[in-house]
Amino acid sequence: MKRKLADLAHARSGDKGDTANIGLIALKPQYYSLLVKQVTAARVARHFTGMITGKVERFELPNLHALNFLLHGALDGGGTISLKTDAQGKVFSTALLRMEIEVRK
């Protein structure tokens with residue numbers, strides 16, 4: 001069965017220069033292993049195809065039941081020079097929560 005990440009996690013995002021940062025936090029500790037297994041850097045990069053120009057890095061924070069992603073080349077140069085409507089990357093977390101993953105009952 002497919003579920004949106006919004007059913008399993010919450011997220012926050014921001015920026016530093018041309019890199020968007022997304023923190024993905026499991027709503028329940030038991031969801032964390034599912035996030036680790038299915039929300040890979042490659043899958044996040046595919047999810048944001050056409051929106052970012054650089055690589056995606058993933059960092060695991062098991063003590064927080066969270067993953068942190070850096071999306072390089074996401075902000076068209078960053079807040080002070082970008083013509084994007086969201087040059088600070090605040091909506092990237094909402095966009096990630098729309099990704100669907102496979103969940104067993």
# chains A, B, ... in the order shown; residues from 1 in each chain; ligands from 1
>>> residues_around(residues="Phe48 of chain A", least_positions_apart="3", cutoff="9 Å", atoms="only C-alpha atoms", output="number ranges by chain")
A: 43-45, 51-52, 71, 92, 95-96
>>> select_by_dssp(residues="chain A", states="strand (DSSP E)", output="tab-separated table (two decimals) with all heavy atoms, in the first residue's frame")
chain	number	residue	atom	x	y	z
A	2	LYS	N	0.54	2.21	-0.79
A	2	LYS	CA	1.32	3.45	-0.85
A	2	LYS	C	0.73	4.48	0.10
A	2	LYS	O	-0.48	4.61	0.22
A	2	LYS	CB	1.35	4.01	-2.27
A	2	LYS	CG	2.19	3.18	-3.20
A	2	LYS	CD	2.46	3.92	-4.47
A	2	LYS	CE	3.37	3.04	-5.31
A	2	LYS	NZ	4.25	3.76	-6.14
A	3	ARG	N	1.65	5.21	0.75
A	3	ARG	CA	1.25	6.29	1.66
A	3	ARG	C	2.14	7.49	1.39
A	3	ARG	O	3.33	7.36	1.09
A	3	ARG	CB	1.45	5.88	3.13
A	3	ARG	CG	0.71	4.65	3.58
A	3	ARG	CD	-0.69	4.91	4.07
A	3	ARG	NE	-0.84	5.87	5.11
A	3	ARG	CZ	-0.88	5.61	6.43
A	3	ARG	NH1	-0.73	4.38	6.85
A	3	ARG	NH2	-1.06	6.58	7.29
A	4	LYS	N	1.58	8.67	1.55
A	4	LYS	CA	2.37	9.89	1.42
A	4	LYS	C	3.23	10.03	2.68
A	4	LYS	O	2.83	9.64	3.77
A	4	LYS	CB	1.48	11.10	1.25
A	4	LYS	CG	0.83	11.15	-0.10
A	4	LYS	CD	0.11	12.45	-0.31
A	4	LYS	CE	-0.49	12.45	-1.70
A	4	LYS	NZ	-1.10	13.70	-2.05
A	9	ALA	N	5.49	11.39	8.62
A	9	ALA	CA	6.55	12.30	9.08
A	9	ALA	C	6.09	13.74	8.97
A	9	ALA	O	5.10	14.05	8.31
A	9	ALA	CB	7.80	12.09	8.23
A	10	HIS	N	6.84	14.59	9.63
A	10	HIS	CA	6.69	16.02	9.38
A	10	HIS	C	8.05	16.53	8.94
A	10	HIS	O	9.05	15.83	9.04
A	10	HIS	CB	6.11	16.78	10.57
A	10	HIS	CG	6.91	16.73	11.82
A	10	HIS	ND1	7.74	17.72	12.20
A	10	HIS	CD2	6.99	15.78	12.79
A	10	HIS	CE1	8.30	17.41	13.35
A	10	HIS	NE2	7.88	16.24	13.73
A	11	ALA	N	8.07	17.74	8.40
A	11	ALA	CA	9.32	18.23	7.81
A	11	ALA	C	9.44	19.74	7.96
A	11	ALA	O	8.44	20.45	8.10
A	11	ALA	CB	9.37	17.85	6.34
A	12	ARG	N	10.68	20.19	7.91
A	12	ARG	CA	11.01	21.62	7.93
A	12	ARG	C	12.07	21.84	6.87
A	12	ARG	O	12.89	20.97	6.62
A	12	ARG	CB	11.57	22.04	9.28
A	12	ARG	CG	10.67	21.86	10.45
A	12	ARG	CD	9.78	23.02	10.67
A	12	ARG	NE	10.59	24.21	10.92
A	12	ARG	CZ	10.08	25.43	10.99
A	12	ARG	NH1	8.82	25.62	10.81
A	12	ARG	NH2	10.85	26.46	11.20
A	13	SER	N	12.05	23.00	6.27
A	13	SER	CA	13.08	23.29	5.28
A	13	SER	C	13.53	24.72	5.37
A	13	SER	O	12.84	25.58	5.92
A	13	SER	CB	12.59	22.96	3.86
A	13	SER	OG	11.42	23.66	3.53
A	14	GLY	N	14.69	24.96	4.82
A	14	GLY	CA	15.28	26.28	4.80
A	14	GLY	C	16.39	26.32	3.77
A	14	GLY	O	16.40	25.53	2.84
A	15	ASP	N	17.33	27.22	3.95
A	15	ASP	CA	18.34	27.40	2.93
A	15	ASP	C	19.66	27.88	3.51
A	15	ASP	O	19.72	28.39	4.62
A	15	ASP	CB	17.86	28.43	1.91
A	15	ASP	CG	17.79	29.81	2.52
A	15	ASP	OD1	16.84	30.09	3.27
A	15	ASP	OD2	18.71	30.62	2.29
A	16	LYS	N	20.66	27.72	2.70
A	16	LYS	CA	21.98	28.32	2.93
A	16	LYS	C	22.57	28.51	1.54
A	16	LYS	O	22.93	27.54	0.87
A	16	LYS	CB	22.86	27.42	3.79
A	16	LYS	CG	24.08	28.11	4.32
A	16	LYS	CD	23.69	29.29	5.17
A	16	LYS	CE	24.70	29.55	6.24
A	16	LYS	NZ	24.31	30.67	7.08
A	19	THR	N	21.67	26.09	-1.55
A	19	THR	CA	21.33	24.76	-1.08
A	19	THR	C	20.11	24.80	-0.18
A	19	THR	O	20.08	25.55	0.80
A	19	THR	CB	22.51	24.15	-0.30
A	19	THR	OG1	23.65	24.10	-1.17
A	19	THR	CG2	22.20	22.75	0.18
A	20	ALA	N	19.11	24.00	-0.52
A	20	ALA	CA	17.94	23.84	0.35
A	20	ALA	C	18.22	22.70	1.32
A	20	ALA	O	18.88	21.72	0.99
A	20	ALA	CB	16.69	23.55	-0.48
A	21	ASN	N	17.69	22.83	2.51
A	21	ASN	CA	17.87	21.85	3.57
A	21	ASN	C	16.48	21.37	3.99
A	21	ASN	O	15.59	22.19	4.23
A	21	ASN	CB	18.58	22.53	4.75
A	21	ASN	CG	18.67	21.65	5.95
A	21	ASN	OD1	19.19	20.57	5.88
A	21	ASN	ND2	18.14	22.13	7.07
A	22	ILE	N	16.29	20.05	4.05
A	22	ILE	CA	15.01	19.49	4.50
A	22	ILE	C	15.27	18.53	5.65
A	22	ILE	O	16.03	17.57	5.50
A	22	ILE	CB	14.26	18.74	3.39
A	22	ILE	CG1	14.05	19.61	2.16
A	22	ILE	CG2	12.92	18.22	3.93
A	22	ILE	CD1	13.48	18.85	0.98
A	23	GLY	N	14.62	18.76	6.77
A	23	GLY	CA	14.62	17.82	7.87
A	23	GLY	C	13.33	17.03	7.83
A	23	GLY	O	12.25	17.61	7.78
A	24	LEU	N	13.42	15.70	7.79
A	24	LEU	CA	12.27	14.81	7.74
A	24	LEU	C	12.24	14.02	9.04
A	24	LEU	O	13.15	13.24	9.30
A	24	LEU	CB	12.38	13.88	6.52
A	24	LEU	CG	11.22	12.94	6.26
A	24	LEU	CD1	9.97	13.72	5.83
A	24	LEU	CD2	11.60	11.92	5.19
A	25	ILE	N	11.21	14.23	9.85
A	25	ILE	CA	11.15	13.65	11.19
A	25	ILE	C	9.98	12.69	11.30
A	25	ILE	O	8.82	13.07	11.01
A	25	ILE	CB	11.00	14.76	12.26
A	25	ILE	CG1	12.11	15.80	12.11
A	25	ILE	CG2	11.00	14.18	13.67
A	25	ILE	CD1	11.70	17.05	11.40
A	26	ALA	N	10.24	11.45	11.68
A	26	ALA	CA	9.19	10.44	11.81
A	26	ALA	C	8.18	10.86	12.87
A	26	ALA	O	8.56	11.34	13.95
A	26	ALA	CB	9.80	9.09	12.18
A	56	VAL	N	21.97	15.45	-4.23
A	56	VAL	CA	21.25	15.38	-2.96
A	56	VAL	C	22.09	14.57	-2.00
A	56	VAL	O	22.56	13.49	-2.33
A	56	VAL	CB	19.86	14.73	-3.14
A	56	VAL	CG1	19.19	14.51	-1.79
A	56	VAL	CG2	18.97	15.59	-4.04
A	57	GLU	N	22.30	15.11	-0.81
A	57	GLU	CA	23.00	14.39	0.25
A	57	GLU	C	22.00	14.05	1.36
A	57	GLU	O	21.12	14.85	1.66
A	57	GLU	CB	24.10	15.25	0.87
A	57	GLU	CG	25.27	15.54	-0.02
A	57	GLU	CD	26.31	16.36	0.73
A	57	GLU	OE1	27.18	15.74	1.38
A	57	GLU	OE2	26.22	17.60	0.67
A	58	ARG	N	22.16	12.87	1.97
A	58	ARG	CA	21.30	12.46	3.08
A	58	ARG	C	22.14	12.18	4.31
A	58	ARG	O	23.18	11.53	4.23
A	58	ARG	CB	20.51	11.21	2.72
A	58	ARG	CG	19.52	10.82	3.82
A	58	ARG	CD	18.77	9.57	3.46
A	58	ARG	NE	19.51	8.41	3.94
A	58	ARG	CZ	18.97	7.20	4.06
A	58	ARG	NH1	17.73	6.98	3.71
A	58	ARG	NH2	19.70	6.20	4.50
A	59	PHE	N	21.65	12.64	5.45
A	59	PHE	CA	22.29	12.39	6.73
A	59	PHE	C	21.25	11.78	7.66
A	59	PHE	O	20.12	12.24	7.74
A	59	PHE	CB	22.83	13.70	7.33
A	59	PHE	CG	23.83	14.38	6.43
A	59	PHE	CD1	23.42	15.32	5.50
A	59	PHE	CD2	25.18	14.05	6.50
A	59	PHE	CE1	24.32	15.93	4.66
A	59	PHE	CE2	26.09	14.66	5.66
A	59	PHE	CZ	25.67	15.60	4.74
A	60	GLU	N	21.65	10.71	8.36
A	60	GLU	CA	20.75	10.03	9.29
A	60	GLU	C	20.97	10.56	10.70
A	60	GLU	O	22.10	10.72	11.14
A	60	GLU	CB	21.00	8.52	9.24
A	60	GLU	CG	20.69	7.92	7.88
A	60	GLU	CD	20.96	6.43	7.81
A	60	GLU	OE1	21.16	5.78	8.86
A	60	GLU	OE2	20.98	5.91	6.68
A	61	LEU	N	19.87	10.79	11.40
A	61	LEU	CA	19.89	11.24	12.79
A	61	LEU	C	19.01	10.29	13.60
A	61	LEU	O	17.88	10.63	13.97
A	61	LEU	CB	19.38	12.68	12.88
A	61	LEU	CG	20.21	13.67	12.08
A	61	LEU	CD1	19.37	14.36	11.03
A	61	LEU	CD2	20.88	14.64	13.00
A	66	ALA	N	15.11	10.99	12.55
A	66	ALA	CA	15.02	11.97	11.47
A	66	ALA	C	16.08	11.74	10.40
A	66	ALA	O	17.11	11.12	10.65
A	66	ALA	CB	15.16	13.38	12.05
A	67	LEU	N	15.80	12.28	9.23
A	67	LEU	CA	16.75	12.34	8.14
A	67	LEU	C	16.90	13.81	7.75
A	67	LEU	O	15.95	14.58	7.85
A	67	LEU	CB	16.23	11.56	6.92
A	67	LEU	CG	15.97	10.08	7.12
A	67	LEU	CD1	15.30	9.49	5.88
A	67	LEU	CD2	17.26	9.35	7.41
A	68	ASN	N	18.09	14.18	7.33
A	68	ASN	CA	18.33	15.53	6.85
A	68	ASN	C	18.87	15.45	5.42
A	68	ASN	O	19.77	14.67	5.14
A	68	ASN	CB	19.33	16.26	7.75
A	68	ASN	CG	19.40	17.72	7.42
A	68	ASN	OD1	18.41	18.42	7.47
A	68	ASN	ND2	20.58	18.19	7.06
A	69	PHE	N	18.28	16.23	4.55
A	69	PHE	CA	18.68	16.25	3.14
A	69	PHE	C	19.20	17.62	2.76
A	69	PHE	O	18.60	18.64	3.14
A	69	PHE	CB	17.49	15.91	2.23
A	69	PHE	CG	16.98	14.52	2.42
A	69	PHE	CD1	15.98	14.24	3.32
A	69	PHE	CD2	17.53	13.46	1.70
A	69	PHE	CE1	15.52	12.95	3.51
A	69	PHE	CE2	17.08	12.17	1.87
A	69	PHE	CZ	16.06	11.92	2.78
A	70	LEU	N	20.29	17.64	2.01
A	70	LEU	CA	20.79	18.86	1.40
A	70	LEU	C	20.56	18.74	-0.10
A	70	LEU	O	21.03	17.79	-0.72
A	70	LEU	CB	22.28	19.06	1.69
A	70	LEU	CG	22.67	19.24	3.15
A	70	LEU	CD1	24.18	19.42	3.27
A	70	LEU	CD2	21.95	20.43	3.76
A	71	LEU	N	19.84	19.70	-0.66
A	71	LEU	CA	19.54	19.73	-2.09
A	71	LEU	C	20.37	20.84	-2.71
A	71	LEU	O	20.03	22.03	-2.61
A	71	LEU	CB	18.06	19.98	-2.33
A	71	LEU	CG	17.08	18.83	-2.10
A	71	LEU	CD1	17.08	18.36	-0.67
A	71	LEU	CD2	15.69	19.25	-2.50
A	72	HIS	N	21.48	20.45	-3.31
A	72	HIS	CA	22.39	21.43	-3.89
A	72	HIS	C	21.85	21.93	-5.23
A	72	HIS	O	21.25	21.17	-5.99
A	72	HIS	CB	23.78	20.81	-4.07
A	72	HIS	CG	24.40	20.39	-2.78
A	72	HIS	ND1	25.06	21.28	-1.96
A	72	HIS	CD2	24.44	19.19	-2.14
A	72	HIS	CE1	25.50	20.64	-0.89
A	72	HIS	NE2	25.13	19.36	-0.97
A	100	GLU	N	5.30	9.54	-2.25
A	100	GLU	CA	4.66	8.32	-1.77
A	100	GLU	C	5.69	7.22	-1.63
A	100	GLU	O	6.59	7.08	-2.46
A	100	GLU	CB	3.56	7.87	-2.74
A	100	GLU	CG	2.38	8.79	-2.74
A	100	GLU	CD	1.24	8.29	-3.61
A	100	GLU	OE1	1.48	7.47	-4.53
A	100	GLU	OE2	0.11	8.73	-3.38
A	101	ILE	N	5.54	6.44	-0.55
A	101	ILE	CA	6.39	5.27	-0.34
A	101	ILE	C	5.52	4.06	-0.07
A	101	ILE	O	4.34	4.20	0.27
A	101	ILE	CB	7.41	5.49	0.81
A	101	ILE	CG1	6.71	5.71	2.14
A	101	ILE	CG2	8.36	6.62	0.48
A	101	ILE	CD1	7.65	5.73	3.32
A	102	GLU	N	6.10	2.89	-0.20
A	102	GLU	CA	5.39	1.64	0.01
A	102	GLU	C	5.39	1.30	1.49
A	102	GLU	O	6.42	1.32	2.15
A	102	GLU	CB	6.10	0.55	-0.79
A	102	GLU	CG	5.27	-0.63	-1.17
A	102	GLU	CD	4.04	-0.34	-2.00
A	102	GLU	OE1	4.11	0.40	-2.98
A	102	GLU	OE2	3.00	-0.88	-1.63
>>> select_by_dssp(residues="chain A", states="alpha helix (DSSP H)", output="PyMOL selection string")
chain A and resi 32-38+41-47+92-97
>>> decode(residues="chain A", atoms="C-alpha atoms", output="PDB file, in the first residue's frame")
ATOM      1  CA  MET A   1       0.000   0.000   0.000  1.00  0.00           C
ATOM      2  CA  LYS A   2       1.318   3.451  -0.848  1.00  0.00           C
ATOM      3  CA  ARG A   3       1.250   6.293   1.658  1.00  0.00           C
ATOM      4  CA  LYS A   4       2.374   9.886   1.421  1.00  0.00           C
ATOM      5  CA  LEU A   5       5.268  10.860   3.643  1.00  0.00           C
ATOM      6  CA  ALA A   6       2.897  13.396   5.247  1.00  0.00           C
ATOM      7  CA  ASP A   7       1.145  10.425   6.908  1.00  0.00           C
ATOM      8  CA  LEU A   8       4.421   9.224   8.459  1.00  0.00           C
ATOM      9  CA  ALA A   9       6.546  12.300   9.081  1.00  0.00           C
ATOM     10  CA  HIS A  10       6.693  16.025   9.380  1.00  0.00           C
ATOM     11  CA  ALA A  11       9.317  18.229   7.809  1.00  0.00           C
ATOM     12  CA  ARG A  12      11.006  21.618   7.926  1.00  0.00           C
ATOM     13  CA  SER A  13      13.083  23.286   5.279  1.00  0.00           C
ATOM     14  CA  GLY A  14      15.279  26.281   4.798  1.00  0.00           C
ATOM     15  CA  ASP A  15      18.340  27.395   2.926  1.00  0.00           C
ATOM     16  CA  LYS A  16      21.978  28.321   2.927  1.00  0.00           C
ATOM     17  CA  GLY A  17      23.084  29.996  -0.278  1.00  0.00           C
ATOM     18  CA  ASP A  18      22.040  27.841  -3.215  1.00  0.00           C
ATOM     19  CA  THR A  19      21.332  24.758  -1.080  1.00  0.00           C
ATOM     20  CA  ALA A  20      17.941  23.845   0.348  1.00  0.00           C
ATOM     21  CA  ASN A  21      17.866  21.850   3.569  1.00  0.00           C
ATOM     22  CA  ILE A  22      15.013  19.495   4.505  1.00  0.00           C
ATOM     23  CA  GLY A  23      14.622  17.825   7.874  1.00  0.00           C
ATOM     24  CA  LEU A  24      12.266  14.812   7.735  1.00  0.00           C
ATOM     25  CA  ILE A  25      11.148  13.654  11.195  1.00  0.00           C
ATOM     26  CA  ALA A  26       9.192  10.437  11.810  1.00  0.00           C
ATOM     27  CA  LEU A  27       5.847  11.001  13.533  1.00  0.00           C
ATOM     28  CA  LYS A  28       6.394   7.756  15.486  1.00  0.00           C
ATOM     29  CA  PRO A  29       9.743   6.127  16.304  1.00  0.00           C
ATOM     30  CA  GLN A  30       8.691   2.904  14.533  1.00  0.00           C
ATOM     31  CA  TYR A  31       8.359   4.820  11.240  1.00  0.00           C
ATOM     32  CA  TYR A  32      12.040   5.802  11.225  1.00  0.00           C
ATOM     33  CA  SER A  33      13.367   2.508   9.798  1.00  0.00           C
ATOM     34  CA  LEU A  34      10.844   2.759   6.955  1.00  0.00           C
ATOM     35  CA  LEU A  35      12.050   6.278   6.155  1.00  0.00           C
ATOM     36  CA  VAL A  36      15.700   5.169   6.226  1.00  0.00           C
ATOM     37  CA  LYS A  37      14.963   2.293   3.853  1.00  0.00           C
ATOM     38  CA  GLN A  38      12.783   4.099   1.338  1.00  0.00           C
ATOM     39  CA  VAL A  39      13.606   7.801   1.383  1.00  0.00           C
ATOM     40  CA  THR A  40      17.049   7.602  -0.179  1.00  0.00           C
ATOM     41  CA  ALA A  41      19.082  10.469  -1.598  1.00  0.00           C
ATOM     42  CA  ALA A  42      18.552   9.046  -5.103  1.00  0.00           C
ATOM     43  CA  ARG A  43      14.798   8.863  -4.636  1.00  0.00           C
ATOM     44  CA  VAL A  44      14.633  12.418  -3.289  1.00  0.00           C
ATOM     45  CA  ALA A  45      16.717  13.597  -6.251  1.00  0.00           C
ATOM     46  CA  ARG A  46      14.234  11.941  -8.631  1.00  0.00           C
ATOM     47  CA  HIS A  47      11.323  13.498  -6.746  1.00  0.00           C
ATOM     48  CA  PHE A  48      12.824  16.954  -7.308  1.00  0.00           C
ATOM     49  CA  THR A  49      13.814  16.409 -10.957  1.00  0.00           C
ATOM     50  CA  GLY A  50      13.631  19.728 -12.785  1.00  0.00           C
ATOM     51  CA  MET A  51      13.691  21.717  -9.538  1.00  0.00           C
ATOM     52  CA  ILE A  52      17.317  21.190  -8.520  1.00  0.00           C
ATOM     53  CA  THR A  53      20.524  21.130 -10.539  1.00  0.00           C
ATOM     54  CA  GLY A  54      22.945  19.559  -8.063  1.00  0.00           C
ATOM     55  CA  LYS A  55      23.281  16.422  -5.998  1.00  0.00           C
ATOM     56  CA  VAL A  56      21.247  15.384  -2.964  1.00  0.00           C
ATOM     57  CA  GLU A  57      23.000  14.391   0.255  1.00  0.00           C
ATOM     58  CA  ARG A  58      21.302  12.462   3.081  1.00  0.00           C
ATOM     59  CA  PHE A  59      22.288  12.393   6.727  1.00  0.00           C
ATOM     60  CA  GLU A  60      20.755  10.030   9.289  1.00  0.00           C
ATOM     61  CA  LEU A  61      19.888  11.245  12.785  1.00  0.00           C
ATOM     62  CA  PRO A  62      18.669   8.063  14.521  1.00  0.00           C
ATOM     63  CA  ASN A  63      18.524   9.635  17.974  1.00  0.00           C
ATOM     64  CA  LEU A  64      15.961  12.119  16.591  1.00  0.00           C
ATOM     65  CA  HIS A  65      14.232   9.580  14.296  1.00  0.00           C
ATOM     66  CA  ALA A  66      15.015  11.972  11.471  1.00  0.00           C
ATOM     67  CA  LEU A  67      16.747  12.342   8.136  1.00  0.00           C
ATOM     68  CA  ASN A  68      18.326  15.534   6.846  1.00  0.00           C
ATOM     69  CA  PHE A  69      18.681  16.248   3.143  1.00  0.00           C
ATOM     70  CA  LEU A  70      20.791  18.863   1.397  1.00  0.00           C
ATOM     71  CA  LEU A  71      19.543  19.726  -2.090  1.00  0.00           C
ATOM     72  CA  HIS A  72      22.395  21.428  -3.894  1.00  0.00           C
ATOM     73  CA  GLY A  73      21.574  23.778  -6.740  1.00  0.00           C
ATOM     74  CA  ALA A  74      17.996  24.169  -5.542  1.00  0.00           C
ATOM     75  CA  LEU A  75      17.658  27.926  -5.185  1.00  0.00           C
ATOM     76  CA  ASP A  76      18.944  29.427  -8.423  1.00  0.00           C
ATOM     77  CA  GLY A  77      21.846  31.095  -6.668  1.00  0.00           C
ATOM     78  CA  GLY A  78      20.144  31.858  -3.352  1.00  0.00           C
ATOM     79  CA  GLY A  79      17.791  34.343  -1.771  1.00  0.00           C
ATOM     80  CA  THR A  80      19.546  37.571  -2.666  1.00  0.00           C
ATOM     81  CA  ILE A  81      20.040  36.881  -6.376  1.00  0.00           C
ATOM     82  CA  SER A  82      17.381  34.336  -7.331  1.00  0.00           C
ATOM     83  CA  LEU A  83      14.259  35.173  -9.298  1.00  0.00           C
ATOM     84  CA  LYS A  84      12.453  32.101  -7.938  1.00  0.00           C
ATOM     85  CA  THR A  85       9.275  32.811  -5.974  1.00  0.00           C
ATOM     86  CA  ASP A  86      10.643  30.743  -3.068  1.00  0.00           C
ATOM     87  CA  ALA A  87      14.305  31.643  -3.073  1.00  0.00           C
ATOM     88  CA  GLN A  88      14.673  30.554   0.576  1.00  0.00           C
ATOM     89  CA  GLY A  89      13.448  26.986   0.019  1.00  0.00           C
ATOM     90  CA  LYS A  90      10.596  27.052   2.541  1.00  0.00           C
ATOM     91  CA  VAL A  91       8.229  24.943   0.411  1.00  0.00           C
ATOM     92  CA  PHE A  92      10.651  22.088  -0.274  1.00  0.00           C
ATOM     93  CA  SER A  93       9.502  20.319   2.909  1.00  0.00           C
ATOM     94  CA  THR A  94       5.870  20.368   1.766  1.00  0.00           C
ATOM     95  CA  ALA A  95       6.899  19.078  -1.646  1.00  0.00           C
ATOM     96  CA  LEU A  96       8.848  16.199  -0.075  1.00  0.00           C
ATOM     97  CA  LEU A  97       5.888  15.228   2.123  1.00  0.00           C
ATOM     98  CA  ARG A  98       3.902  14.592  -1.065  1.00  0.00           C
ATOM     99  CA  MET A  99       6.270  11.756  -2.043  1.00  0.00           C
ATOM    100  CA  GLU A 100       4.661   8.321  -1.771  1.00  0.00           C
ATOM    101  CA  ILE A 101       6.391   5.273  -0.343  1.00  0.00           C
ATOM    102  CA  GLU A 102       5.387   1.636   0.007  1.00  0.00           C
ATOM    103  CA  VAL A 103       4.039   0.658   3.447  1.00  0.00           C
ATOM    104  CA  ARG A 104       3.088  -2.853   4.547  1.00  0.00           C
ATOM    105  CA  LYS A 105       0.034  -3.395   6.682  1.00  0.00           C
TER     106      LYS A 105
END
